[in-house]
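Peer 1: Sharing start-v3.cif below, mmCIF, C-alpha atoms:
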```cif
data_coords
#
loop_
_atom_site.label_atom_id
_atom_site.label_comp_id
_atom_site.auth_asym_id
_atom_site.auth_seq_id
_atom_site.Cartn_x
_atom_site.Cartn_y
_atom_site.Cartn_z
CA MET A 1 110.58 110.60 84.25
CA PRO A 2 108.73 108.05 86.41
CA LEU A 3 105.55 106.54 85.03
CA ILE A 4 103.69 106.85 88.35
CA SER A 5 103.55 109.61 90.96
CA VAL A 6 102.28 108.25 94.27
CA ILE A 7 100.78 110.95 96.52
CA MET A 8 100.25 110.54 100.26
CA SER A 9 99.53 113.00 103.07
CA VAL A 10 100.65 112.20 106.63
CA TYR A 11 99.47 113.55 109.97
CA ASN A 12 100.17 111.87 113.33
CA ASP A 13 100.39 108.31 112.04
CA GLU A 14 103.70 106.97 113.34
CA LYS A 15 102.12 103.65 114.38
CA ASN A 16 100.90 102.68 110.91
CA LEU A 17 103.32 104.67 108.76
CA PRO A 18 106.09 102.06 108.36
CA GLU A 19 103.69 99.45 106.95
CA ALA A 20 102.14 101.99 104.58
CA VAL A 21 105.45 103.34 103.27
CA GLU A 22 107.08 99.94 102.91
CA SER A 23 104.06 98.55 101.07
CA ILE A 24 104.73 101.17 98.36
CA LEU A 25 108.51 100.85 98.30
CA ASN A 26 108.18 97.06 97.94
CA GLN A 27 105.88 97.13 94.92
CA THR A 28 106.79 94.68 92.14
CA PHE A 29 106.46 97.62 89.71
CA GLY A 30 109.12 100.12 90.72
CA ASP A 31 108.95 102.95 88.15
CA PHE A 32 107.46 105.60 90.43
CA GLU A 33 108.17 108.62 92.58
CA PHE A 34 106.64 108.66 96.05
CA ILE A 35 105.55 112.18 97.01
CA ILE A 36 104.78 112.44 100.73
CA THR A 37 103.53 115.55 102.50
CA GLU A 38 104.24 115.63 106.23
CA ASP A 39 101.52 117.93 107.59
CA CYS A 40 103.06 119.15 110.87
CA SER A 41 102.58 115.96 112.87
CA LYS A 42 103.04 116.09 116.63
CA ASP A 43 104.37 112.54 116.84
CA ASN A 44 107.45 110.95 115.25
CA SER A 45 106.02 110.77 111.71
CA LEU A 46 108.46 113.35 110.32
CA LYS A 47 111.49 111.58 111.80
CA LEU A 48 110.36 108.28 110.29
CA LEU A 49 109.81 109.85 106.88
CA ARG A 50 113.17 111.60 106.86
CA ASP A 51 114.79 108.25 107.56
CA TYR A 52 112.94 106.56 104.69
CA ALA A 53 113.74 109.46 102.32
CA SER A 54 117.44 109.19 103.11
CA LYS A 55 117.42 105.53 102.08
CA ASP A 56 115.19 105.60 98.99
CA LYS A 57 115.62 108.34 96.38
CA ARG A 58 112.15 107.70 94.97
CA ILE A 59 110.70 109.50 97.98
CA VAL A 60 110.02 113.22 97.58
CA LEU A 61 109.35 114.55 101.08
CA ILE A 62 107.44 117.80 101.56
CA GLU A 63 107.59 119.25 105.09
CA ASN A 64 104.72 121.67 105.68
CA LYS A 65 105.33 124.70 107.88
CA GLU A 66 101.66 124.73 108.88
CA ASN A 67 98.89 122.15 108.95
CA LEU A 68 97.12 122.47 105.57
CA LYS A 69 95.01 119.29 105.73
CA LEU A 70 94.38 116.64 103.12
CA THR A 71 92.74 118.44 100.19
CA LYS A 72 95.31 121.24 99.94
CA ASN A 73 98.12 118.71 100.30
CA LEU A 74 96.76 116.53 97.51
CA ASN A 75 96.45 119.48 95.12
CA SER A 76 99.96 120.65 96.01
CA MET A 77 101.39 117.20 95.28
CA LEU A 78 99.50 117.02 91.99
CA GLY A 79 101.19 120.28 91.05
CA ILE A 80 104.70 118.82 91.33
CA ALA A 81 103.96 115.26 90.18
CA LYS A 82 106.09 114.16 87.21
CA GLY A 83 104.38 110.88 86.37
CA ASP A 84 101.78 110.29 83.67
CA LEU A 85 99.76 108.30 86.24
CA ILE A 86 98.73 109.38 89.74
CA ALA A 87 98.37 106.74 92.45
CA ARG A 88 96.72 107.55 95.78
CA MET A 89 97.83 106.13 99.08
CA ASP A 90 96.87 106.76 102.72
CA SER A 91 99.32 106.61 105.60
CA ASP A 92 97.40 103.98 107.58
CA ASP A 93 96.65 101.52 104.75
CA ILE A 94 98.67 98.74 103.11
CA SER A 95 99.03 98.26 99.35
CA LEU A 96 99.53 94.67 98.24
CA PRO A 97 102.85 94.09 96.39
CA GLU A 98 101.35 93.65 92.90
CA ARG A 99 98.91 96.59 93.09
CA PHE A 100 100.83 98.93 90.76
CA GLU A 101 101.84 96.17 88.36
CA LYS A 102 98.25 95.06 87.87
CA GLN A 103 96.85 98.56 87.57
CA VAL A 104 99.50 99.62 85.04
CA LYS A 105 98.67 96.54 82.96
CA ILE A 106 95.04 97.70 82.72
CA PHE A 107 96.20 101.04 81.30
CA LYS A 108 98.58 99.39 78.83
CA ASP A 109 95.98 96.87 77.64
CA ASN A 110 93.18 99.46 77.47
CA PRO A 111 94.50 102.86 76.24
CA GLU A 112 91.02 104.39 76.44
CA ILE A 113 90.85 103.85 80.24
CA ASP A 114 91.59 106.93 82.40
CA PHE A 115 90.91 105.70 85.94
CA VAL A 116 91.45 102.33 87.65
CA PHE A 117 90.37 101.39 91.17
CA THR A 118 90.30 98.07 92.99
CA SER A 119 88.58 96.20 95.77
CA SER A 120 89.99 96.28 99.30
CA MET A 121 90.11 94.24 102.46
CA LEU A 122 88.76 96.16 105.44
CA MET A 123 90.80 95.68 108.60
CA ASP A 124 90.65 96.98 112.15
CA ASN A 125 93.22 99.29 113.72
CA GLU A 126 95.30 96.34 114.88
CA GLY A 127 95.56 94.97 111.33
CA ASN A 128 93.05 92.12 111.70
CA ASP A 129 90.89 91.43 108.65
CA LEU A 130 87.23 92.40 109.03
CA CYS A 131 85.72 91.77 105.59
CA GLU A 132 86.10 92.55 101.90
CA SER A 133 84.58 95.83 100.78
CA TRP A 134 81.40 95.35 98.74
CA ARG A 135 80.24 97.13 95.59
CA PRO A 136 78.29 96.25 92.43
CA ASN A 137 80.35 94.38 89.84
CA ASP A 138 78.97 96.59 87.07
CA ILE A 139 80.95 99.83 86.66
CA GLN A 140 77.89 101.73 85.41
CA LYS A 141 75.96 100.88 88.58
CA ILE A 142 78.87 102.16 90.65
CA LEU A 143 78.92 105.43 88.71
CA ASP A 144 75.13 105.83 88.79
CA HIS A 145 75.20 105.52 92.58
CA MET A 146 77.83 108.25 92.89
CA LYS A 147 75.25 110.99 93.53
CA TYR A 148 74.35 109.20 96.78
CA ASP A 149 77.64 107.67 97.89
CA THR A 150 80.94 106.38 96.53
CA TYR A 151 81.92 102.75 96.11
CA ILE A 152 85.42 103.78 94.99
CA PRO A 153 88.05 103.40 97.75
CA HIS A 154 90.21 106.52 97.48
CA PRO A 155 93.58 104.88 98.30
CA THR A 156 93.12 102.21 95.60
CA VAL A 157 92.88 104.76 92.78
CA MET A 158 95.35 105.12 89.93
CA ALA A 159 94.43 107.64 87.21
CA LYS A 160 95.94 109.60 84.33
CA LYS A 161 97.40 112.88 85.57
CA GLU A 162 95.81 114.86 82.73
CA ILE A 163 92.26 114.25 83.96
CA PHE A 164 92.94 115.93 87.31
CA ALA A 165 93.82 119.20 85.59
CA LYS A 166 90.82 118.94 83.27
CA ALA A 167 88.51 118.53 86.27
CA GLY A 168 90.12 121.30 88.32
CA ASN A 169 91.71 118.95 90.88
CA TYR A 170 90.23 118.39 94.35
CA THR A 171 87.78 120.94 95.75
CA GLU A 172 87.97 121.85 99.42
CA ILE A 173 84.51 121.11 100.84
CA LYS A 174 83.00 120.60 104.26
CA GLY A 175 82.46 117.05 105.45
CA TYR A 176 84.92 114.29 106.31
CA GLY A 177 85.99 112.17 103.37
CA GLN A 178 83.97 113.98 100.69
CA GLU A 179 86.78 115.45 98.58
CA ASP A 180 87.18 112.21 96.63
CA LYS A 181 83.47 111.73 95.86
CA GLU A 182 83.21 115.31 94.63
CA LEU A 183 86.19 114.80 92.29
CA TRP A 184 84.82 111.50 90.95
CA GLU A 185 81.58 113.32 90.11
CA LYS A 186 83.56 115.92 88.18
CA PHE A 187 85.38 113.12 86.36
CA ILE A 188 82.05 111.60 85.36
CA GLY A 189 80.96 115.01 84.08
CA ILE A 190 83.94 115.34 81.73
CA GLY A 191 83.60 111.82 80.36
CA VAL A 192 86.42 110.01 82.18
CA LYS A 193 86.55 106.27 81.46
CA PHE A 194 86.51 104.27 84.70
CA TYR A 195 87.64 100.66 85.24
CA TYR A 196 86.93 98.48 88.25
CA LEU A 197 89.65 95.89 88.86
CA ASN A 198 87.70 93.45 91.00
CA GLU A 199 90.60 92.20 93.07
CA ILE A 200 91.76 92.97 96.60
CA LEU A 201 94.92 95.05 96.14
CA LEU A 202 94.77 97.18 99.28
CA ARG A 203 94.13 96.61 102.97
CA TYR A 204 92.01 99.51 104.24
CA ARG A 205 92.22 100.35 107.94
CA LEU A 206 89.18 101.24 110.05
CA ASN A 207 91.05 103.71 112.22
CA PRO A 208 89.47 105.01 115.46
CA SER A 209 91.17 108.39 114.96
CA GLY A 210 89.22 108.82 111.74
CA ILE A 211 85.82 108.14 113.32
CA SER A 212 83.60 110.58 115.17
CA PHE A 213 83.05 109.50 118.77
CA ASN A 214 80.91 112.38 119.94
CA VAL A 215 78.40 110.01 121.53
CA ARG A 216 77.30 110.66 125.10
CA ASN A 217 77.54 107.94 127.74
CA TYR A 218 79.61 105.55 125.60
CA SER A 219 83.35 104.99 125.40
CA LYS A 220 85.44 105.06 122.23
CA ASP A 221 86.05 101.32 122.52
CA GLU A 222 82.31 100.59 122.74
CA ILE A 223 81.51 102.65 119.63
CA TYR A 224 84.53 101.30 117.76
CA ASN A 225 83.49 97.71 118.46
CA TYR A 226 80.00 98.50 117.21
CA LYS A 227 81.45 99.94 114.02
CA LYS A 228 83.60 96.85 113.40
CA VAL A 229 80.47 94.66 113.30
CA ASN A 230 78.43 97.29 111.52
CA ILE A 231 80.92 97.65 108.65
CA CYS A 232 80.62 93.94 107.89
CA ILE A 233 76.82 94.21 107.75
CA ASP A 234 77.11 97.30 105.54
CA ASN A 235 79.29 95.27 103.17
CA TYR A 236 76.73 92.42 103.09
CA GLN A 237 78.92 89.91 104.91
CA ARG A 238 76.57 88.79 107.67
CA ALA A 239 78.40 85.57 108.52
CA ARG A 240 81.57 87.52 109.17
CA ALA A 241 79.60 90.07 111.20
CA VAL A 242 78.33 87.26 113.45
CA GLN A 243 81.88 85.93 113.96
CA ILE A 244 83.20 89.32 115.03
CA TYR A 245 80.13 90.03 117.18
CA LYS A 246 80.68 86.83 119.17
CA GLN A 247 84.24 87.93 119.92
CA ILE A 248 83.44 91.47 121.13
CA SER A 249 79.73 91.54 122.03
CA GLY A 250 80.54 92.08 125.69
CA ASN A 251 81.91 95.51 124.86
CA ILE A 252 79.01 96.81 122.74
CA PRO A 253 76.25 98.83 124.49
CA LEU A 254 72.73 97.33 124.45
CA LYS A 255 71.40 100.24 122.37
CA TYR A 256 73.93 99.48 119.64
CA LYS A 257 73.34 95.74 119.86
CA LEU A 258 69.68 96.42 119.01
CA MET A 259 70.71 98.64 116.11
CA LEU A 260 72.93 95.85 114.76
CA LEU A 261 70.10 93.35 115.14
CA ILE A 262 67.71 95.53 113.12
CA LYS A 263 70.26 96.10 110.36
CA PHE A 264 71.20 92.42 110.31
CA PHE A 265 67.64 91.32 109.51
CA THR A 266 66.78 94.17 107.14
CA PRO A 267 66.87 92.98 103.49
CA ASN A 268 69.78 94.41 101.52
CA LYS A 269 67.61 96.10 98.89
CA LEU A 270 65.44 97.80 101.52
CA ARG A 271 68.50 99.10 103.34
CA PHE A 272 69.96 100.40 100.09
CA TYR A 273 66.84 102.26 99.00
CA LYS A 274 66.32 103.67 102.51
CA SER A 275 69.86 105.04 102.35
CA VAL A 276 69.16 106.65 98.98
CA LEU A 277 65.90 108.19 100.25
CA VAL A 278 67.54 109.63 103.38
CA LYS A 279 70.30 111.21 101.32
CA LYS A 280 67.79 112.70 98.88
CA LEU A 281 65.81 114.27 101.73
CA HIS A 282 68.97 115.56 103.35
CA SER A 283 70.15 117.20 100.10
CA LYS A 284 66.77 118.93 99.68
CA LYS A 285 66.96 120.37 103.21
CA ALA A 286 70.48 121.60 102.57
#
```
What do you get writing this file as structure tokens?
Peer 2:
Amino acid sequence: MPLISVIMSVYNDEKNLPEAVESILNQTFGDFEFIITEDCSKDNSLKLLRDYASKDKRIVLIENKENLKLTKNLNSMLGIAKGDLIARMDSDDISLPERFEKQVKIFKDNPEIDFVFTSSMLMDNEGNDLCESWRPNDIQKILDHMKYDTYIPHPTVMAKKEIFAKAGNYTEIKGYGQEDKELWEKFIGIGVKFYYLNEILLRYRLNPSGISFNVRNYSKDEIYNYKKVNICIDNYQRARAVQIYKQISGNIPLKYKLMLLIKFFTPNKLRFYKSVLVKKLHSKKA
């Protein structure tokens, strides 16, 4: 039986898929199965995956007959996973070669640990580095903040399979990208022991297809360029935000330039507490 079961869902990602798949297959720690669900893509994703599966027997390819979306796919893959550890991966990201080796070492050195996540390098859709993702160094601060937002990058996670069953696996909820946060909250509730490996072991892609562009009067490129600068400010890397802004400022609408300016000069603590307050008010209204 493999030690690790890697689970990844794929939908219309032929451009980024080869880098994502090969970053797993080329890990320095090779005792894993790679479970991939192809969710009825309309591009060449399935063809690419069939080719990889024919060459590497560690790949377990599931071909959906209908589009079931991420949460159902994750739970389905958890149901067939053979490994004692579950590793998440997304089809547009890149795991660094030593990711699994370093995460497995944490489990071996600390038997009480149930869940290990890492830092990540944020990159744009073309693969250019934007900035390192920011979070508190203290694991308790990360967990305390969970009721407002998550500082745990989903595709960096490796966790013991047994805790997923204890928590009832992922819950299908409304809202993009919330299934992970909801599961981490359930893990906290059952006493899961978390570990933050403060090292960049994944390159996380800011993908335009995963961003809402329902903004009148502005193009996708204009909003995407705004978000590339904004994500650096949100991760408290102002110098890097300035560098990127100088490169693409000509393609950011004036309205969004002013928004960036306000955020840039707002103290970090004030921005953080404003975010917490807004989310509290929103939850009360809901």
Peer 1: Give me the result of the PyMOL selection byres ((chain A and resi 171) around 9) on this file, residue by residue, as JSON, numbers by chain.
Peer 2: {"A": [71, 72, 75, 168, 169, 170, 172, 173, 179, 180, 182, 183]}
Peer 1: Show which residues sit within 12 Å of Val242 of chain A, as a list in words. Count all atoms listed in the file, and ignore same-chain residues fewer than 5 positions away.
Peer 2: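 Listing them by chain and then by number gives Leu130, Cys131, Tyr226, Lys228, Val229, Asn230, Ile231, Cys232, Ile233, Tyr236, Gln237, Gln247, Ile248, Ser249, Lys257, Leu260, Leu261 and Phe264 of chain A.
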Peer 1: Leaving out Glu98 of chain A and any residue of its chain fewer than 2 positions from it, which residues lie within 7 Å of it when counting all atoms listed in the file, given as a count of residues only?
Peer 2: 6
Peer 1: If you apply the PyMOL selection byres ((chain A and resi 1-16) around 7) to this file, what residues do you get, as JSON, numbers by chain?
Peer 2: {"A": [17, 18, 19, 20, 31, 32, 33, 34, 35, 36, 37, 38, 39, 40, 41, 42, 43, 44, 45, 70, 73, 74, 77, 81, 82, 83, 84, 85, 86, 87, 88, 89, 90, 91, 92]}
Peer 1: What is the atom CA of Ile94 of chain A to atom CA of Arg203 of chain A distance in Å?
Peer 2: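 Separation of atom CA of Ile94 of chain A and atom CA of Arg203 of chain A: 5.0 Å.
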Peer 1: Of the candidates A:Ser76, A:Ala159, A:Glu63, A:Glu132, which shows the shortest atom-to-atom distance to Lys47 of chain A, using only C-alpha atoms?
Peer 2: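 Going through A:Ser76, A:Ala159, A:Glu63, A:Glu132 one by one, the smallest distance to Lys47 of chain A is for A:Glu63.
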Peer 1: Find the distance between atom CA of Arg50 of chain A and atom CA of Ile62 of chain A and write it in Å to one decimal.
Peer 2: 10.0 Å
Peer 1: So how many Å separate atom CA of Val157 of chain A and atom CA of Tyr52 of chain A, to one decimal?
Peer 2: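 It comes out at 23.4 Å.
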Peer 1: Written as a ChimeraX atom specification, which residues does the PyMOL selection byres ((chain A and resi 114-122) around 8) give for the file shown?
Peer 2: /A:103,106-107,111-113,123-124,129-134,152-153,156-160,163,192-206
